[in-house]
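Everything below concerns the one structure shown next.
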Amino acid sequence: MPRFETVAHVYVMQVQENVSLKPYNTFGIDAIARYFARFGSAAELQKVLSDTRNGPNGMFVLGGGSNILLTKNFEGFVLKNEVSSIEKIAADDDFVYIKCGAGENWHQFVLHCIENSWAGLENLAKKDKPGFYQYTYDDIKRLGNAEV
């Protein structure tokens with residue numbers, strides 16, 4: 001039986017028209033993007049930037065949608081950033097240096113840090129009420145055995 005491994009994830013960039021942004025913003029506002037595309041790499045971003053539909057109506061790069069308030073439809077091009085990666089660059093006695101993709105989900109990033117015992121972000125992960133994140137000592141120990 002042959003064994004298969006995932007070598008790389010391939011994103012096929014597809015430009016869509018008149019896309020609802022409701023699932024892409026935490027307020028759930030149903031604004032419409034005239035053009036919409038996702039990108040998962042710098043090469044895909046360059047490809048969409050060269051698209052002829054990037055005209056006078058502008059462009060908007062959208063991340064997780066938690067720091068925006070949509071008030072009307074967007075007649076330009078909305079680019080959904082899905083560049084995700086988490087890489088430990090270096091560590092010393094005081095710090096861990098991490099390179100993280102700009103499209104990485106914040107909550108998953110914090111959980112990844114906790115699971116790797118990289119303490120310091122654990123109070124910014126679990127949403128217990130709107131706008132506030134809280135992890136208990138027991139949560140931290142259970143998830144990553146991080147030093148507290």
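Ordering of the structure tokens sets the chain letters (A, B, ...), residue numbers begin anew at 1 in every chain, and ligands are numbered from 1 in the order given.
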- Skip A:Leu79 itself and residues of its chain fewer than 5 positions away, then list as a PyMOL selection string all residues within 12 Å of it, counting only C-alpha atoms. chain A and resi 13-16+19+21+24+33-41+44-49+51+54+58-65+74+103
For the residues selected in the previous step, produce a file with C-alpha atoms as a PDB file, in the first residue's frame.
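Here's the written file out30.pdb:
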ATOM      1  CA  MET A  13      -6.641  31.790  -6.398  1.00  0.00           C
ATOM      2  CA  GLN A  14     -10.158  32.407  -7.582  1.00  0.00           C
ATOM      3  CA  VAL A  15     -11.651  35.865  -7.988  1.00  0.00           C
ATOM      4  CA  GLN A  16     -15.307  35.984  -7.014  1.00  0.00           C
ATOM      5  CA  VAL A  19     -19.394  38.231  -2.200  1.00  0.00           C
ATOM      6  CA  LEU A  21     -18.511  39.676   3.879  1.00  0.00           C
ATOM      7  CA  TYR A  24     -15.573  37.411   7.434  1.00  0.00           C
ATOM      8  CA  ALA A  33     -17.452  43.026  -1.851  1.00  0.00           C
ATOM      9  CA  ARG A  34     -17.559  43.735  -5.590  1.00  0.00           C
ATOM     10  CA  TYR A  35     -14.515  41.481  -6.022  1.00  0.00           C
ATOM     11  CA  PHE A  36     -13.116  38.994  -3.512  1.00  0.00           C
ATOM     12  CA  ALA A  37     -10.094  36.700  -3.539  1.00  0.00           C
ATOM     13  CA  ARG A  38      -8.151  34.734  -0.943  1.00  0.00           C
ATOM     14  CA  PHE A  39      -4.376  34.525  -0.952  1.00  0.00           C
ATOM     15  CA  GLY A  40      -2.114  32.161   0.950  1.00  0.00           C
ATOM     16  CA  SER A  41       1.313  33.281  -0.247  1.00  0.00           C
ATOM     17  CA  GLU A  44      -0.669  34.675  -4.914  1.00  0.00           C
ATOM     18  CA  LEU A  45      -0.873  38.203  -3.546  1.00  0.00           C
ATOM     19  CA  GLN A  46       1.276  39.475  -6.426  1.00  0.00           C
ATOM     20  CA  LYS A  47      -0.945  37.652  -8.894  1.00  0.00           C
ATOM     21  CA  VAL A  48      -4.113  39.220  -7.525  1.00  0.00           C
ATOM     22  CA  LEU A  49      -2.458  42.659  -7.374  1.00  0.00           C
ATOM     23  CA  ASP A  51      -5.455  41.603 -11.829  1.00  0.00           C
ATOM     24  CA  ASN A  54      -7.828  46.344  -9.372  1.00  0.00           C
ATOM     25  CA  GLY A  58      -9.465  50.486  -4.317  1.00  0.00           C
ATOM     26  CA  MET A  59      -8.409  47.421  -2.466  1.00  0.00           C
ATOM     27  CA  PHE A  60      -8.829  46.204   1.111  1.00  0.00           C
ATOM     28  CA  VAL A  61      -6.773  43.462   2.784  1.00  0.00           C
ATOM     29  CA  LEU A  62      -8.939  41.562   5.271  1.00  0.00           C
ATOM     30  CA  GLY A  63      -7.556  39.454   8.106  1.00  0.00           C
ATOM     31  CA  GLY A  64      -9.737  37.828  10.752  1.00  0.00           C
ATOM     32  CA  GLY A  65     -12.359  40.568  10.604  1.00  0.00           C
ATOM     33  CA  PHE A  74     -17.127  47.803  -0.887  1.00  0.00           C
ATOM     34  CA  GLY A 103      -3.150  35.493   8.202  1.00  0.00           C
TER      35      GLY A 103
END
Q | Nearby residues (only C-alpha atoms) at most 10 Å from A:Cys113, same-chain spacing under 3 positions excluded, as number ranges by chain | A | A: 86, 88, 96, 98, 107-110, 116-122, 143-144, 146
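Backbone DSSP of stretch 44-122 of chain A yields helix (DSSP H, G or I) at Glu44, Leu45, Gln46, Lys47, Val48, Leu49, Trp106, His107, Gln108, Phe109, Val110, Leu111, His112, Cys113, Ile114, Glu115 and Glu122 of chain A.
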Keeping only C-alpha atoms, take the residues you just selected and write them out as a CSV table (one decimal), in the first residue's frame.
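The resulting out-v9.csv:
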chain,number,residue,atom,x,y,z
A,44,GLU,CA,-0.7,34.7,-4.9
A,45,LEU,CA,-0.9,38.2,-3.5
A,46,GLN,CA,1.3,39.5,-6.4
A,47,LYS,CA,-0.9,37.7,-8.9
A,48,VAL,CA,-4.1,39.2,-7.5
A,49,LEU,CA,-2.5,42.7,-7.4
A,106,TRP,CA,-4.7,34.8,16.8
A,107,HIS,CA,-6.4,32.4,19.1
A,108,GLN,CA,-4.7,29.4,17.4
A,109,PHE,CA,-1.4,31.2,17.6
A,110,VAL,CA,-1.7,31.8,21.3
A,111,LEU,CA,-2.7,28.1,21.8
A,112,HIS,CA,0.3,27.0,19.8
A,113,CYS,CA,2.5,29.1,22.1
A,114,ILE,CA,0.9,27.6,25.2
A,115,GLU,CA,1.3,24.1,23.9
A,122,GLU,CA,-1.8,32.9,27.6
| said: Ranking A:Tyr97, A:Asn57, A:Asn105, A:Ala90 by minimum distance to A:Asn73 and counting only C-alpha atoms, which one comes first? | reply: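 Checking each candidate against A:Asn73, we get A:Asn57 as the closest.
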